[in-house]
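**Student:** For reference, this is target38.tsv, and it has TSV, C-alpha atoms.
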```
chain	number	residue	atom	x	y	z
A	1	PRO	CA	-140.35	-111.30	-115.42
A	2	CYS	CA	-138.64	-113.55	-117.95
A	3	ARG	CA	-135.11	-114.75	-117.48
A	4	PHE	CA	-132.36	-116.36	-119.54
A	5	LEU	CA	-131.35	-119.15	-117.19
A	6	GLY	CA	-129.14	-121.50	-119.17
A	7	PRO	CA	-129.09	-124.05	-121.97
A	8	CYS	CA	-132.66	-125.22	-122.74
A	9	ARG	CA	-133.87	-124.28	-119.29
A	10	ALA	CA	-135.54	-120.96	-120.16
A	11	HIS	CA	-138.55	-121.16	-122.38
A	12	PHE	CA	-140.98	-118.27	-122.05
A	13	VAL	CA	-144.01	-117.88	-124.31
A	14	PRO	CA	-146.23	-115.01	-123.19
A	15	ALA	CA	-149.31	-113.85	-125.05
A	16	VAL	CA	-149.80	-110.17	-124.33
A	17	ARG	CA	-152.53	-108.14	-125.97
A	18	THR	CA	-151.95	-104.50	-126.70
A	19	CYS	CA	-154.00	-102.08	-128.73
A	20	ILE	CA	-152.67	-99.75	-131.40
A	21	ALA	CA	-155.28	-97.07	-132.08
A	22	LEU	CA	-155.09	-95.89	-135.66
A	23	GLY	CA	-157.41	-92.94	-136.19
A	24	ALA	CA	-161.02	-94.07	-136.35
A	25	LEU	CA	-159.93	-97.70	-136.57
A	26	SER	CA	-158.72	-99.62	-133.55
A	27	LEU	CA	-156.59	-102.65	-134.37
A	28	GLY	CA	-155.73	-105.02	-131.57
A	29	ALA	CA	-152.23	-106.40	-132.04
A	30	LEU	CA	-151.47	-109.72	-130.37
A	31	PHE	CA	-147.76	-110.08	-129.79
A	32	LEU	CA	-146.50	-113.61	-129.19
A	33	SER	CA	-142.89	-114.07	-128.16
A	34	ALA	CA	-140.68	-117.03	-127.34
A	35	LEU	CA	-137.44	-116.69	-125.42
A	36	PHE	CA	-134.84	-119.42	-125.40
A	37	LEU	CA	-131.15	-119.80	-124.64
A	38	GLY	CA	-128.78	-122.10	-126.46
A	39	CYS	CA	-131.37	-124.76	-127.34
A	40	GLY	CA	-130.23	-126.93	-130.21
A	41	GLY	CA	-126.94	-125.11	-130.71
A	42	ASP	CA	-123.59	-124.29	-129.20
A	43	LYS	CA	-124.38	-120.75	-128.12
A	44	GLY	CA	-124.86	-120.38	-124.40
A	45	THR	CA	-123.67	-123.87	-123.53
A	46	THR	CA	-120.59	-122.73	-121.61
A	47	PRO	CA	-119.96	-119.92	-119.10
A	48	ASP	CA	-117.49	-118.42	-121.58
A	49	ASP	CA	-120.22	-117.94	-124.17
A	50	PRO	CA	-123.39	-117.03	-122.23
A	51	GLU	CA	-125.53	-115.83	-125.12
A	52	GLY	CA	-128.96	-116.75	-126.36
A	53	GLY	CA	-131.64	-115.75	-128.80
A	54	LEU	CA	-135.07	-114.20	-128.78
A	55	THR	CA	-137.74	-115.05	-131.34
A	56	LEU	CA	-140.67	-112.67	-131.75
A	57	LYS	CA	-143.81	-113.85	-133.52
A	58	PHE	CA	-146.58	-111.41	-134.42
A	59	SER	CA	-150.27	-111.86	-135.13
A	60	TYR	CA	-153.18	-109.43	-135.20
A	61	SER	CA	-156.72	-109.34	-133.88
A	62	ILE	CA	-159.78	-107.12	-133.99
A	63	ASP	CA	-162.39	-107.35	-131.23
A	64	ASP	CA	-160.46	-110.25	-129.68
A	65	ALA	CA	-160.71	-112.35	-132.85
A	66	PRO	CA	-157.87	-113.12	-135.30
A	67	LEU	CA	-157.63	-110.62	-138.14
A	68	VAL	CA	-158.97	-111.98	-141.43
A	69	MET	CA	-158.11	-109.88	-144.48
A	70	ASN	CA	-159.48	-109.54	-148.00
A	71	THR	CA	-162.89	-110.96	-147.16
A	72	ALA	CA	-165.84	-110.70	-149.56
A	73	ASP	CA	-168.04	-109.28	-146.81
A	74	TYR	CA	-167.46	-106.58	-144.17
A	75	PRO	CA	-166.86	-108.57	-140.96
A	76	TYR	CA	-165.94	-105.69	-138.64
A	77	GLU	CA	-167.79	-102.67	-137.27
A	78	ASN	CA	-166.26	-99.47	-135.90
A	79	ALA	CA	-167.57	-97.17	-133.16
A	80	ALA	CA	-169.49	-95.12	-135.72
A	81	GLY	CA	-171.41	-98.18	-136.86
A	82	ASN	CA	-169.61	-98.52	-140.21
A	83	GLU	CA	-169.02	-102.06	-141.43
A	84	TYR	CA	-165.49	-102.46	-142.76
A	85	LYS	CA	-162.85	-104.91	-143.89
A	86	VAL	CA	-159.05	-104.87	-143.95
A	87	VAL	CA	-157.20	-105.45	-147.21
A	88	GLY	CA	-153.66	-104.52	-146.15
A	89	LEU	CA	-151.56	-104.02	-143.02
A	90	LYS	CA	-147.81	-103.38	-143.00
A	91	HIS	CA	-145.50	-101.85	-140.41
A	92	TYR	CA	-141.86	-101.65	-139.44
A	93	ILE	CA	-140.13	-102.86	-136.29
A	94	THR	CA	-136.81	-101.04	-135.88
A	95	GLY	CA	-136.08	-101.39	-132.19
A	96	VAL	CA	-136.38	-104.20	-129.66
A	97	GLN	CA	-135.09	-103.40	-126.19
A	98	LEU	CA	-134.78	-106.00	-123.42
A	99	ARG	CA	-134.74	-104.35	-120.02
A	100	ARG	CA	-132.83	-105.95	-117.18
A	101	LEU	CA	-133.84	-105.92	-113.53
A	102	ASN	CA	-130.82	-103.72	-112.66
A	103	GLY	CA	-131.99	-100.90	-114.97
A	104	THR	CA	-129.66	-101.64	-117.91
A	105	SER	CA	-130.84	-103.01	-121.24
A	106	PHE	CA	-129.90	-104.88	-124.40
A	107	GLU	CA	-131.12	-103.36	-127.67
A	108	SER	CA	-131.42	-104.59	-131.26
A	109	THR	CA	-131.90	-101.95	-133.95
A	110	ASP	CA	-132.32	-104.30	-136.90
A	111	VAL	CA	-135.01	-103.30	-139.42
A	112	HIS	CA	-137.97	-105.64	-139.95
A	113	LEU	CA	-140.91	-104.96	-142.27
A	114	LEU	CA	-143.96	-106.99	-141.27
A	115	ASN	CA	-146.79	-107.69	-143.71
A	116	ALA	CA	-149.90	-109.21	-142.14
A	117	ALA	CA	-150.71	-110.89	-145.47
A	118	ASP	CA	-147.32	-112.67	-145.60
A	119	PRO	CA	-146.76	-115.11	-142.71
A	120	THR	CA	-143.06	-115.43	-143.57
A	121	THR	CA	-142.51	-111.83	-142.40
A	122	LEU	CA	-144.26	-112.20	-139.03
A	123	ALA	CA	-141.39	-113.74	-137.06
A	124	PHE	CA	-137.73	-112.90	-136.59
A	125	THR	CA	-134.94	-113.90	-134.23
A	126	ILE	CA	-132.47	-111.69	-132.41
A	127	GLY	CA	-129.20	-113.40	-131.55
A	128	GLN	CA	-126.24	-112.84	-129.25
A	129	ILE	CA	-128.32	-111.71	-126.27
A	130	PRO	CA	-126.31	-111.81	-123.02
A	131	ALA	CA	-127.65	-114.19	-120.39
A	132	GLY	CA	-129.28	-112.64	-117.36
A	133	PRO	CA	-132.59	-111.59	-115.81
A	134	TYR	CA	-134.91	-109.42	-117.92
A	135	SER	CA	-138.06	-107.75	-116.68
A	136	SER	CA	-139.70	-106.43	-119.87
A	137	ILE	CA	-139.43	-105.99	-123.64
A	138	GLN	CA	-139.96	-102.68	-125.45
A	139	ILE	CA	-140.79	-102.83	-129.16
A	140	LEU	CA	-140.62	-99.81	-131.47
A	141	VAL	CA	-143.36	-100.03	-134.11
A	142	GLY	CA	-142.22	-97.80	-136.96
A	143	VAL	CA	-138.91	-96.39	-138.18
A	144	ASP	CA	-136.76	-94.56	-135.63
A	145	ASP	CA	-136.07	-90.84	-136.08
A	146	THR	CA	-132.52	-91.33	-137.34
A	147	ARG	CA	-133.49	-93.63	-140.21
A	148	ASN	CA	-136.91	-92.24	-141.09
A	149	VAL	CA	-135.47	-89.92	-143.70
A	150	GLU	CA	-135.24	-90.19	-147.46
A	151	GLY	CA	-132.71	-92.93	-148.25
A	152	GLY	CA	-132.45	-93.94	-144.60
A	153	LEU	CA	-133.20	-97.61	-145.31
A	154	PRO	CA	-131.71	-99.97	-147.92
A	155	ALA	CA	-132.94	-99.42	-151.48
A	156	THR	CA	-135.21	-102.47	-151.72
A	157	LEU	CA	-138.57	-102.73	-153.48
A	158	ASP	CA	-140.35	-103.30	-150.16
A	159	ASN	CA	-138.85	-100.16	-148.64
A	160	PHE	CA	-139.58	-98.20	-151.82
A	161	ASN	CA	-143.26	-99.15	-151.57
A	162	MET	CA	-143.33	-97.89	-147.97
A	163	GLN	CA	-141.95	-94.44	-148.79
A	164	TRP	CA	-143.63	-91.44	-147.14
A	165	PRO	CA	-144.46	-88.47	-149.44
A	166	ARG	CA	-141.56	-86.06	-149.78
A	167	GLN	CA	-143.86	-83.05	-149.36
A	168	LEU	CA	-144.81	-84.41	-145.93
A	169	GLY	CA	-141.24	-84.81	-144.78
A	170	GLY	CA	-140.07	-87.88	-146.69
A	171	GLY	CA	-138.84	-91.10	-145.19
A	172	TYR	CA	-141.12	-94.09	-144.71
A	173	HIS	CA	-144.55	-95.09	-143.49
A	174	ASN	CA	-144.34	-96.40	-139.95
A	175	VAL	CA	-147.69	-98.17	-140.27
A	176	MET	CA	-149.80	-98.62	-143.41
A	177	ALA	CA	-153.32	-100.01	-142.96
A	178	GLU	CA	-155.94	-100.01	-145.72
A	179	GLY	CA	-159.38	-101.41	-146.44
A	180	ARG	CA	-162.96	-100.65	-147.43
A	181	TYR	CA	-166.06	-99.67	-145.47
A	182	LYS	CA	-169.78	-99.26	-145.99
A	183	ALA	CA	-171.70	-96.11	-145.11
A	184	GLY	CA	-175.30	-96.89	-145.98
A	185	ALA	CA	-175.36	-98.18	-149.54
A	186	ALA	CA	-172.01	-96.58	-150.42
A	187	ASP	CA	-168.72	-98.45	-150.50
A	188	SER	CA	-165.56	-96.43	-149.88
A	189	THR	CA	-161.85	-96.87	-149.26
A	190	TRP	CA	-160.28	-96.11	-145.90
A	191	THR	CA	-156.57	-95.67	-145.23
A	192	VAL	CA	-154.69	-95.19	-141.97
A	193	HIS	CA	-151.07	-94.17	-142.62
A	194	LEU	CA	-148.83	-93.35	-139.67
A	195	GLY	CA	-145.70	-91.34	-140.44
A	196	LYS	CA	-144.28	-87.84	-140.27
A	197	VAL	CA	-146.28	-84.62	-140.04
A	198	LYS	CA	-146.04	-81.00	-138.92
A	199	HIS	CA	-148.18	-80.25	-135.87
A	200	ASP	CA	-148.25	-76.61	-136.87
A	201	PRO	CA	-147.90	-75.18	-140.40
A	202	ASN	CA	-145.27	-72.73	-139.13
A	203	GLU	CA	-143.01	-75.47	-137.80
A	204	THR	CA	-139.77	-76.09	-139.64
A	205	PHE	CA	-139.53	-79.79	-138.73
A	206	TYR	CA	-141.68	-82.89	-138.96
A	207	HIS	CA	-142.74	-85.06	-136.03
A	208	ASN	CA	-142.10	-88.76	-136.51
A	209	HIS	CA	-145.04	-90.71	-135.04
A	210	VAL	CA	-144.11	-94.19	-133.87
A	211	VAL	CA	-145.65	-96.59	-131.35
A	212	GLU	CA	-143.77	-98.04	-128.39
A	213	VAL	CA	-145.14	-101.31	-127.01
A	214	ILE	CA	-143.92	-102.63	-123.64
A	215	VAL	CA	-144.47	-106.32	-122.92
```
Translate this file's structure into structure tokens.

**Tutor:**
Amino acid sequence: PCRFLGPCRAHFVPAVRTCIALGALSLGALFLSALFLGCGGDKGTTPDDPEGGLTLKFSYSIDDAPLVMNTADYPYENAAGNEYKVVGLKHYITGVQLRRLNGTSFESTDVHLLNAADPTTLAFTIGQIPAGPYSSIQILVGVDDTRNVEGGLPATLDNFNMQWPRQLGGGYHNVMAEGRYKAGAADSTWTVHLGKVKHDPNETFYHNHVVEVIV
């Protein structure tokens, strides 16, 4: 377990590999996180202000190798024997929950849109975390049920480009992965979009498919 111990005394950098299976494509997501308390600032330096911060850094891998996108060739192969490449990968993070040893938790519900092609989006910091022992971190990949509705996120260009079709329930893509693959001599486009869908045509509501990752 990781703990917030005090000013500059807690520094935890785990590398935990988890796998997000997206249809026929399996993308390994390598989550790197760094926990620190009060280092280089005033927060957490006195008992009256025992708060710290958590920085999460994300990177991605396929077959235990770092993901390389927009290649000229087709560097990856799926279980069906198709050679493929990745040209785009975006997803939301809308929930980070730090679980304490006593069963309680601290939760951040800030919205973060990560774009694997843009390194500036692959790290963010959560502040004002109470000091104490924490046993695990739960990360919600996607947009939570409350906000995954039409107009549920701020009207930015990035969010507009992640909109989910209205005829499929509206809201936003939780994960958007795209690329090209070869089947014999043919070259085709593949897309893996994770969002909302009806499990049965007679249902009156849409299921919001998100991924929960526990580190």

**Student:** Taking into account all atoms listed in the file, which residue in the set A:Val175, A:Met162, A:Ile214, A:Ala123 is nearest to Gly142 of chain A?

**Tutor:**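 The closest residue to Gly142 of chain A is A:Val175.
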
**Student:** Quick one: distance from atom CA of His112 of chain A to atom CA of Val141 of chain A in Å, one decimal?

**Tutor:**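 Answer for the atom CA of His112 of chain A to atom CA of Val141 of chain A separation: 9.7 Å.
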
**Student:** Using atom CA of Ile126 of chain A and atom CA of Asn208 of chain A as the two end points, give the distance in Å to one decimal.

**Tutor:**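 So the answer is 25.2 Å.
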
**Student:** From the list A:Ala155, A:Ala186, A:Leu89, A:Ala72, which residue is nearest Asn174 of chain A when using only C-alpha atoms?

**Tutor:**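 Comparing A:Ala155, A:Ala186, A:Leu89, A:Ala72 against Asn174 of chain A, the winner is A:Leu89.
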
**Student:** Could you tell me how far atom CA of His209 of chain A lies from atom CA of Val197 of chain A, in Å and to one decimal?

**Tutor:** 8.0 Å

**Student:** Of the candidates A:Phe205, A:Phe124, A:Tyr181, A:Phe106, which one gets nearest to Leu56 of chain A if we count all atoms listed in the file?

**Tutor:**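 Nearest candidate to Leu56 of chain A out of A:Phe205, A:Phe124, A:Tyr181, A:Phe106: A:Phe124.
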
**Student:** Could you check the closest approach to Gly95 of chain A for each of A:Leu168, A:Ala79, A:Leu113, A:Ala131 and tell me which residue wins, using only C-alpha atoms?

**Tutor:**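 For Gly95 of chain A, the nearest of the given residues is A:Leu113.
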
**Student:** Excluding Asn70 of chain A and its own-chain neighbours fewer than 2 positions away, which residues fall within 10 Å of it when counting all atoms listed in the file? Please give them as a compact mmCIF listing (two decimals) with C-alpha atoms, in the frame of the given file.

**Tutor:**
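File written: part-v4.txt
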```
# COMPACT_ATOMS: atom_id res chain seq x y z
CA VAL A 68 -158.97 -111.98 -141.43
CA ALA A 72 -165.84 -110.70 -149.56
CA ASP A 73 -168.04 -109.28 -146.81
CA TYR A 74 -167.46 -106.58 -144.17
CA LYS A 85 -162.85 -104.91 -143.89
CA VAL A 86 -159.05 -104.87 -143.95
CA VAL A 87 -157.20 -105.45 -147.21
CA GLY A 88 -153.66 -104.52 -146.15
CA ALA A 117 -150.71 -110.89 -145.47
CA GLY A 179 -159.38 -101.41 -146.44
CA ARG A 180 -162.96 -100.65 -147.43
```

**Student:** Could you check which of A:Asp144, A:Asp158, A:Glu77, A:Glu212 is closest to Ala183 of chain A, using all atoms listed in the file?

**Tutor:** A:Glu77

**Student:** Given the choices A:Ala80, A:Val210, A:Met69, A:Val96, which gets closest to Ala177 of chain A if the distance is worked out from only C-alpha atoms?

**Tutor:** A:Met69

**Student:** As a list in words, please: the residues near Gly170 of chain A (cut-off 9 Å, only C-alpha atoms, same-chain neighbours under 3 positions excluded).

**Tutor:**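 Residues near the query, excluding close chain neighbours: Asn148, Val149, Glu150, Gln163, Trp164, Pro165, Arg166, Gln167 and Lys196 of chain A.
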
**Student:** Write out as a list in words each polymer residue whose atoms come within 9 Å of His207 of chain A, counting all atoms listed in the file; drop sequence neighbours fewer than 3 positions from it.

**Tutor:**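 Once the adjacent positions are removed, what remains is Asp145, Gly169, Gly195, Lys196, Val197, Lys198 and His199 of chain A.
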
**Student:** Fix up segment 196-207 of chain A with all heavy atoms, then write it as a PDB file, in the coordinates of the input.

**Tutor:**
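So rebuild04.pdb came out as:
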```pdb
ATOM      1  N   LYS A 196    -144.782 -89.139-140.709  1.00  0.00           N
ATOM      2  CA  LYS A 196    -144.280 -87.840-140.270  1.00  0.00           C
ATOM      3  C   LYS A 196    -145.263 -86.738-140.642  1.00  0.00           C
ATOM      4  O   LYS A 196    -145.917 -86.798-141.678  1.00  0.00           O
ATOM      5  CB  LYS A 196    -142.915 -87.563-140.891  1.00  0.00           C
ATOM      6  CG  LYS A 196    -141.846 -88.557-140.453  1.00  0.00           C
ATOM      7  CD  LYS A 196    -140.629 -88.525-141.350  1.00  0.00           C
ATOM      8  CE  LYS A 196    -139.829 -87.257-141.199  1.00  0.00           C
ATOM      9  NZ  LYS A 196    -138.580 -87.305-141.995  1.00  0.00           N
ATOM     10  N   VAL A 197    -145.363 -85.718-139.782  1.00  0.00           N
ATOM     11  CA  VAL A 197    -146.280 -84.620-140.040  1.00  0.00           C
ATOM     12  C   VAL A 197    -145.862 -83.408-139.216  1.00  0.00           C
ATOM     13  O   VAL A 197    -145.208 -83.544-138.177  1.00  0.00           O
ATOM     14  CB  VAL A 197    -147.742 -85.025-139.686  1.00  0.00           C
ATOM     15  CG1 VAL A 197    -147.898 -85.204-138.180  1.00  0.00           C
ATOM     16  CG2 VAL A 197    -148.749 -84.011-140.219  1.00  0.00           C
ATOM     17  N   LYS A 198    -146.221 -82.228-139.696  1.00  0.00           N
ATOM     18  CA  LYS A 198    -146.040 -81.000-138.920  1.00  0.00           C
ATOM     19  C   LYS A 198    -147.275 -80.797-138.042  1.00  0.00           C
ATOM     20  O   LYS A 198    -148.404 -80.875-138.522  1.00  0.00           O
ATOM     21  CB  LYS A 198    -145.861 -79.800-139.835  1.00  0.00           C
ATOM     22  CG  LYS A 198    -144.528 -79.733-140.545  1.00  0.00           C
ATOM     23  CD  LYS A 198    -144.408 -78.436-141.344  1.00  0.00           C
ATOM     24  CE  LYS A 198    -143.052 -78.322-142.032  1.00  0.00           C
ATOM     25  NZ  LYS A 198    -142.921 -77.059-142.797  1.00  0.00           N
ATOM     26  N   HIS A 199    -147.059 -80.540-136.748  1.00  0.00           N
ATOM     27  CA  HIS A 199    -148.180 -80.250-135.870  1.00  0.00           C
ATOM     28  C   HIS A 199    -148.708 -78.847-136.083  1.00  0.00           C
ATOM     29  O   HIS A 199    -149.868 -78.557-135.771  1.00  0.00           O
ATOM     30  CB  HIS A 199    -147.765 -80.425-134.409  1.00  0.00           C
ATOM     31  CG  HIS A 199    -147.516 -81.866-134.044  1.00  0.00           C
ATOM     32  ND1 HIS A 199    -147.088 -82.263-132.801  1.00  0.00           N
ATOM     33  CD2 HIS A 199    -147.642 -83.011-134.773  1.00  0.00           C
ATOM     34  CE1 HIS A 199    -146.958 -83.585-132.773  1.00  0.00           C
ATOM     35  NE2 HIS A 199    -147.279 -84.057-133.959  1.00  0.00           N
ATOM     36  N   ASP A 200    -147.871 -77.993-136.608  1.00  0.00           N
ATOM     37  CA  ASP A 200    -148.250 -76.610-136.870  1.00  0.00           C
ATOM     38  C   ASP A 200    -147.656 -76.211-138.227  1.00  0.00           C
ATOM     39  O   ASP A 200    -146.488 -76.509-138.496  1.00  0.00           O
ATOM     40  CB  ASP A 200    -147.705 -75.689-135.757  1.00  0.00           C
ATOM     41  CG  ASP A 200    -148.183 -74.250-135.895  1.00  0.00           C
ATOM     42  OD1 ASP A 200    -147.830 -73.586-136.899  1.00  0.00           O
ATOM     43  OD2 ASP A 200    -148.898 -73.782-135.003  1.00  0.00           O
ATOM     44  N   PRO A 201    -148.428 -75.551-139.083  1.00  0.00           N
ATOM     45  CA  PRO A 201    -147.900 -75.180-140.400  1.00  0.00           C
ATOM     46  C   PRO A 201    -146.644 -74.330-140.348  1.00  0.00           C
ATOM     47  O   PRO A 201    -145.858 -74.309-141.312  1.00  0.00           O
ATOM     48  CB  PRO A 201    -149.062 -74.415-141.037  1.00  0.00           C
ATOM     49  CG  PRO A 201    -150.282 -74.882-140.314  1.00  0.00           C
ATOM     50  CD  PRO A 201    -149.835 -75.165-138.910  1.00  0.00           C
ATOM     51  N   ASN A 202    -146.433 -73.611-139.245  1.00  0.00           N
ATOM     52  CA  ASN A 202    -145.270 -72.730-139.130  1.00  0.00           C
ATOM     53  C   ASN A 202    -144.024 -73.459-138.638  1.00  0.00           C
ATOM     54  O   ASN A 202    -142.949 -72.863-138.586  1.00  0.00           O
ATOM     55  CB  ASN A 202    -145.596 -71.567-138.182  1.00  0.00           C
ATOM     56  CG  ASN A 202    -146.709 -70.676-138.725  1.00  0.00           C
ATOM     57  OD1 ASN A 202    -146.760 -70.408-139.924  1.00  0.00           O
ATOM     58  ND2 ASN A 202    -147.600 -70.232-137.852  1.00  0.00           N
ATOM     59  N   GLU A 203    -144.168 -74.723-138.263  1.00  0.00           N
ATOM     60  CA  GLU A 203    -143.010 -75.470-137.800  1.00  0.00           C
ATOM     61  C   GLU A 203    -142.047 -75.729-138.952  1.00  0.00           C
ATOM     62  O   GLU A 203    -142.453 -75.852-140.105  1.00  0.00           O
ATOM     63  CB  GLU A 203    -143.433 -76.795-137.173  1.00  0.00           C
ATOM     64  CG  GLU A 203    -144.140 -76.647-135.839  1.00  0.00           C
ATOM     65  CD  GLU A 203    -144.526 -77.996-135.255  1.00  0.00           C
ATOM     66  OE1 GLU A 203    -144.720 -78.945-136.037  1.00  0.00           O
ATOM     67  OE2 GLU A 203    -144.621 -78.080-134.023  1.00  0.00           O
ATOM     68  N   THR A 204    -140.786 -75.828-138.626  1.00  0.00           N
ATOM     69  CA  THR A 204    -139.770 -76.090-139.640  1.00  0.00           C
ATOM     70  C   THR A 204    -139.316 -77.552-139.638  1.00  0.00           C
ATOM     71  O   THR A 204    -138.425 -77.919-140.388  1.00  0.00           O
ATOM     72  CB  THR A 204    -138.544 -75.192-139.408  1.00  0.00           C
ATOM     73  OG1 THR A 204    -138.021 -75.433-138.097  1.00  0.00           O
ATOM     74  CG2 THR A 204    -138.925 -73.721-139.538  1.00  0.00           C
ATOM     75  N   PHE A 205    -139.920 -78.382-138.796  1.00  0.00           N
ATOM     76  CA  PHE A 205    -139.530 -79.790-138.730  1.00  0.00           C
ATOM     77  C   PHE A 205    -140.782 -80.652-138.685  1.00  0.00           C
ATOM     78  O   PHE A 205    -141.891 -80.186-138.438  1.00  0.00           O
ATOM     79  CB  PHE A 205    -138.659 -80.052-137.493  1.00  0.00           C
ATOM     80  CG  PHE A 205    -139.367 -79.829-136.177  1.00  0.00           C
ATOM     81  CD1 PHE A 205    -140.000 -80.870-135.507  1.00  0.00           C
ATOM     82  CD2 PHE A 205    -139.407 -78.562-135.606  1.00  0.00           C
ATOM     83  CE1 PHE A 205    -140.650 -80.657-134.315  1.00  0.00           C
ATOM     84  CE2 PHE A 205    -140.060 -78.343-134.399  1.00  0.00           C
ATOM     85  CZ  PHE A 205    -140.683 -79.392-133.752  1.00  0.00           C
ATOM     86  N   TYR A 206    -140.588 -81.935-138.934  1.00  0.00           N
ATOM     87  CA  TYR A 206    -141.680 -82.890-138.960  1.00  0.00           C
ATOM     88  C   TYR A 206    -141.578 -83.831-137.759  1.00  0.00           C
ATOM     89  O   TYR A 206    -140.482 -84.284-137.407  1.00  0.00           O
ATOM     90  CB  TYR A 206    -141.656 -83.711-140.251  1.00  0.00           C
ATOM     91  CG  TYR A 206    -141.930 -82.906-141.495  1.00  0.00           C
ATOM     92  CD1 TYR A 206    -140.900 -82.215-142.136  1.00  0.00           C
ATOM     93  CD2 TYR A 206    -143.209 -82.830-142.030  1.00  0.00           C
ATOM     94  CE1 TYR A 206    -141.146 -81.466-143.282  1.00  0.00           C
ATOM     95  CE2 TYR A 206    -143.467 -82.093-143.180  1.00  0.00           C
ATOM     96  CZ  TYR A 206    -142.430 -81.421-143.799  1.00  0.00           C
ATOM     97  OH  TYR A 206    -142.682 -80.678-144.931  1.00  0.00           O
ATOM     98  N   HIS A 207    -142.698 -84.117-137.139  1.00  0.00           N
ATOM     99  CA  HIS A 207    -142.740 -85.060-136.030  1.00  0.00           C
ATOM    100  C   HIS A 207    -142.881 -86.484-136.584  1.00  0.00           C
ATOM    101  O   HIS A 207    -143.733 -86.734-137.432  1.00  0.00           O
ATOM    102  CB  HIS A 207    -143.920 -84.746-135.104  1.00  0.00           C
ATOM    103  CG  HIS A 207    -143.862 -83.394-134.478  1.00  0.00           C
ATOM    104  ND1 HIS A 207    -143.287 -83.166-133.241  1.00  0.00           N
ATOM    105  CD2 HIS A 207    -144.301 -82.188-134.923  1.00  0.00           C
ATOM    106  CE1 HIS A 207    -143.389 -81.878-132.944  1.00  0.00           C
ATOM    107  NE2 HIS A 207    -143.993 -81.261-133.948  1.00  0.00           N
TER     108      HIS A 207
END
```
